[in-house]
Amino acid sequence: MICPSCDGSKESFGFVDGLKDGKHYGYSGWHRCSTCQGTGEITDEHALQREEGKLLRRFRGHEKHLSQRDAGRCWGIDFVLLSKMEAGRVPIPDELWVKAGREKPLL
Ligand SMILES: [Zn+2]
């Protein structure tokens, strides 16, 4: 399916930051779309993964009122990994839903 982040344009505008050679950098500009990795399309699995990530984010923030750091601590995972799961970049393992005390959503 067409990438919902860039609408198939393969690029998106936004703030990019990261760590390179031990230094932080950040800039605003056009960059390769991180959702589709610049392909303009995502697979159905990826689309589902993103939906599940959104549900996890909503559950954590709106129902549990936890920050990513706090939720990571409670659920025993690194908050950076949690943030990637919520962004749909990494699949959410079934155990995480168990630890979070919620049924894995059926999508
Ligand atoms: Zn894209």
# chains A, B, ... in the order shown; residues from 1 in each chain; ligands from 1

$ residues_near_ligand --ligand "ligand 1" --cutoff "9 Å" --atoms "only C-alpha atoms and all ligand atoms" --output "list in words"
Ile2, Cys3, Pro4, Ser5, Cys6, Asp7, Gly8, Ser9, Lys10, Glu11, Ser12, Arg32, Cys33, Ser34, Thr35, Cys36, Gln37, Gly38, Thr39, Gly40, Glu41 and Ile42 of chain A

$ select_by_dssp --residues "range 7-100 of chain A" --states "strand (DSSP E)" --output "number ranges by chain"
A: 11-20, 23-32

$ write_last_selection --atoms "C-alpha atoms" --output "PDB file, in the first residue's frame"
ATOM      1  CA  GLU A  11      10.408  11.967   1.348  1.00  0.00           C
ATOM      2  CA  SER A  12       9.088  13.801   4.324  1.00  0.00           C
ATOM      3  CA  PHE A  13       9.810  17.158   5.858  1.00  0.00           C
ATOM      4  CA  GLY A  14      10.643  17.326   9.478  1.00  0.00           C
ATOM      5  CA  PHE A  15      13.196  17.503  12.171  1.00  0.00           C
ATOM      6  CA  VAL A  16      15.906  14.896  12.044  1.00  0.00           C
ATOM      7  CA  ASP A  17      18.242  14.225  14.876  1.00  0.00           C
ATOM      8  CA  GLY A  18      20.646  11.553  15.820  1.00  0.00           C
ATOM      9  CA  LEU A  19      24.062  10.696  17.038  1.00  0.00           C
ATOM     10  CA  LYS A  20      27.089  10.527  14.807  1.00  0.00           C
ATOM     11  CA  LYS A  23      28.048  14.088  18.609  1.00  0.00           C
ATOM     12  CA  HIS A  24      24.379  14.965  18.558  1.00  0.00           C
ATOM     13  CA  TYR A  25      23.076  16.599  15.458  1.00  0.00           C
ATOM     14  CA  GLY A  26      19.708  17.922  14.424  1.00  0.00           C
ATOM     15  CA  TYR A  27      18.258  19.832  11.510  1.00  0.00           C
ATOM     16  CA  SER A  28      14.977  20.490   9.795  1.00  0.00           C
ATOM     17  CA  GLY A  29      14.648  19.547   6.197  1.00  0.00           C
ATOM     18  CA  TRP A  30      13.571  17.009   3.661  1.00  0.00           C
ATOM     19  CA  HIS A  31      14.776  13.568   4.364  1.00  0.00           C
ATOM     20  CA  ARG A  32      14.126  10.059   3.236  1.00  0.00           C
TER      21      ARG A  32
END

$ atom_distance --atom1 "CA of His46 in chain A" --atom2 "CA of Gly76 in chain A"
24.3 Å

$ select_by_dssp --residues "chain A" --states "helix (DSSP H, G or I)" --output "VMD selection string"
chain A and resid 44 to 63 68 to 75 79 to 86 94 to 100

$ write_last_selection --atoms "C-alpha atoms" --output "CSV table (one decimal), in the first residue's frame"
chain,number,residue,atom,x,y,z
A,44,ASP,CA,0.4,-4.8,4.8
A,45,GLU,CA,2.3,-6.3,7.7
A,46,HIS,CA,4.0,-2.9,8.3
A,47,ALA,CA,0.6,-1.2,8.1
A,48,LEU,CA,-0.8,-3.5,10.7
A,49,GLN,CA,2.3,-3.0,12.9
A,50,ARG,CA,1.8,0.7,12.7
A,51,GLU,CA,-1.9,0.4,13.8
A,52,GLU,CA,-0.9,-1.8,16.7
A,53,GLY,CA,1.8,0.7,17.6
A,54,LYS,CA,-0.8,3.5,17.7
A,55,LEU,CA,-3.1,1.4,19.9
A,56,LEU,CA,-0.2,0.7,22.3
A,57,ARG,CA,0.6,4.5,22.4
A,58,ARG,CA,-3.0,5.3,23.1
A,59,PHE,CA,-3.2,2.6,25.8
A,60,ARG,CA,0.0,3.8,27.5
A,61,GLY,CA,-0.7,7.5,27.3
A,62,HIS,CA,-4.5,7.8,27.6
A,63,GLU,CA,-5.5,4.8,29.7
A,68,GLN,CA,7.4,6.2,27.6
A,69,ARG,CA,10.2,6.1,30.2
A,70,ASP,CA,7.8,5.1,33.0
A,71,ALA,CA,6.0,2.5,30.9
A,72,GLY,CA,9.4,1.1,29.8
A,73,ARG,CA,10.4,0.7,33.4
A,74,CYS,CA,7.1,-0.9,34.4
A,75,TRP,CA,7.0,-3.3,31.5
A,79,PHE,CA,11.9,3.1,26.3
A,80,VAL,CA,13.8,3.7,23.1
A,81,LEU,CA,12.6,0.3,21.9
A,82,LEU,CA,9.1,1.1,23.2
A,83,SER,CA,9.1,4.3,21.2
A,84,LYS,CA,10.1,2.3,18.0
A,85,MET,CA,7.2,-0.1,18.7
A,86,GLU,CA,4.7,2.7,19.1
A,94,ASP,CA,2.8,-10.7,22.5
A,95,GLU,CA,4.5,-10.7,26.0
A,96,LEU,CA,4.5,-7.0,26.0
A,97,TRP,CA,0.7,-6.8,25.9
A,98,VAL,CA,0.6,-9.4,28.7
A,99,LYS,CA,3.0,-7.3,30.8
A,100,ALA,CA,1.0,-4.2,30.1

$ atom_distance --atom1 "CA of Gly101 in chain A" --atom2 "CA of Lys64 in chain A"
10.3 Å

$ atom_distance --atom1 "CA of Asp21 in chain A" --atom2 "CA of Ile77 in chain A"
26.0 Å

$ decode --residues "range 20-88 of chain A" --atoms "C-alpha atoms" --output "CSV table (one decimal), in the first residue's frame"
chain,number,residue,atom,x,y,z
A,20,LYS,CA,27.1,10.5,14.8
A,21,ASP,CA,30.7,10.0,15.9
A,22,GLY,CA,29.7,10.8,19.5
A,23,LYS,CA,28.0,14.1,18.6
A,24,HIS,CA,24.4,15.0,18.6
A,25,TYR,CA,23.1,16.6,15.5
A,26,GLY,CA,19.7,17.9,14.4
A,27,TYR,CA,18.3,19.8,11.5
A,28,SER,CA,15.0,20.5,9.8
A,29,GLY,CA,14.6,19.5,6.2
A,30,TRP,CA,13.6,17.0,3.7
A,31,HIS,CA,14.8,13.6,4.4
A,32,ARG,CA,14.1,10.1,3.2
A,33,CYS,CA,10.8,8.9,4.7
A,34,SER,CA,11.6,6.8,7.7
A,35,THR,CA,8.2,5.0,7.6
A,36,CYS,CA,8.8,3.4,4.2
A,37,GLN,CA,12.6,3.8,4.1
A,38,GLY,CA,12.2,5.8,0.9
A,39,THR,CA,10.3,3.2,-1.1
A,40,GLY,CA,7.0,5.1,-1.1
A,41,GLU,CA,5.1,2.0,-0.1
A,42,ILE,CA,4.7,-0.2,2.9
A,43,THR,CA,3.7,-3.8,3.2
A,44,ASP,CA,0.4,-4.8,4.8
A,45,GLU,CA,2.3,-6.3,7.7
A,46,HIS,CA,4.0,-2.9,8.3
A,47,ALA,CA,0.6,-1.2,8.1
A,48,LEU,CA,-0.8,-3.5,10.7
A,49,GLN,CA,2.3,-3.0,12.9
A,50,ARG,CA,1.8,0.7,12.7
A,51,GLU,CA,-1.9,0.4,13.8
A,52,GLU,CA,-0.9,-1.8,16.7
A,53,GLY,CA,1.8,0.7,17.6
A,54,LYS,CA,-0.8,3.5,17.7
A,55,LEU,CA,-3.1,1.4,19.9
A,56,LEU,CA,-0.2,0.7,22.3
A,57,ARG,CA,0.6,4.5,22.4
A,58,ARG,CA,-3.0,5.3,23.1
A,59,PHE,CA,-3.2,2.6,25.8
A,60,ARG,CA,0.0,3.8,27.5
A,61,GLY,CA,-0.7,7.5,27.3
A,62,HIS,CA,-4.5,7.8,27.6
A,63,GLU,CA,-5.5,4.8,29.7
A,64,LYS,CA,-2.3,4.3,31.8
A,65,HIS,CA,-1.1,7.9,31.8
A,66,LEU,CA,2.5,6.7,31.6
A,67,SER,CA,5.4,8.4,29.8
A,68,GLN,CA,7.4,6.2,27.6
A,69,ARG,CA,10.2,6.1,30.2
A,70,ASP,CA,7.8,5.1,33.0
A,71,ALA,CA,6.0,2.5,30.9
A,72,GLY,CA,9.4,1.1,29.8
A,73,ARG,CA,10.4,0.7,33.4
A,74,CYS,CA,7.1,-0.9,34.4
A,75,TRP,CA,7.0,-3.3,31.5
A,76,GLY,CA,10.7,-4.1,31.6
A,77,ILE,CA,11.8,-2.8,28.2
A,78,ASP,CA,14.0,0.0,27.0
A,79,PHE,CA,11.9,3.1,26.3
A,80,VAL,CA,13.8,3.7,23.1
A,81,LEU,CA,12.6,0.3,21.9
A,82,LEU,CA,9.1,1.1,23.2
A,83,SER,CA,9.1,4.3,21.2
A,84,LYS,CA,10.1,2.3,18.0
A,85,MET,CA,7.2,-0.1,18.7
A,86,GLU,CA,4.7,2.7,19.1
A,87,ALA,CA,6.0,4.2,15.8
A,88,GLY,CA,5.4,0.9,14.1
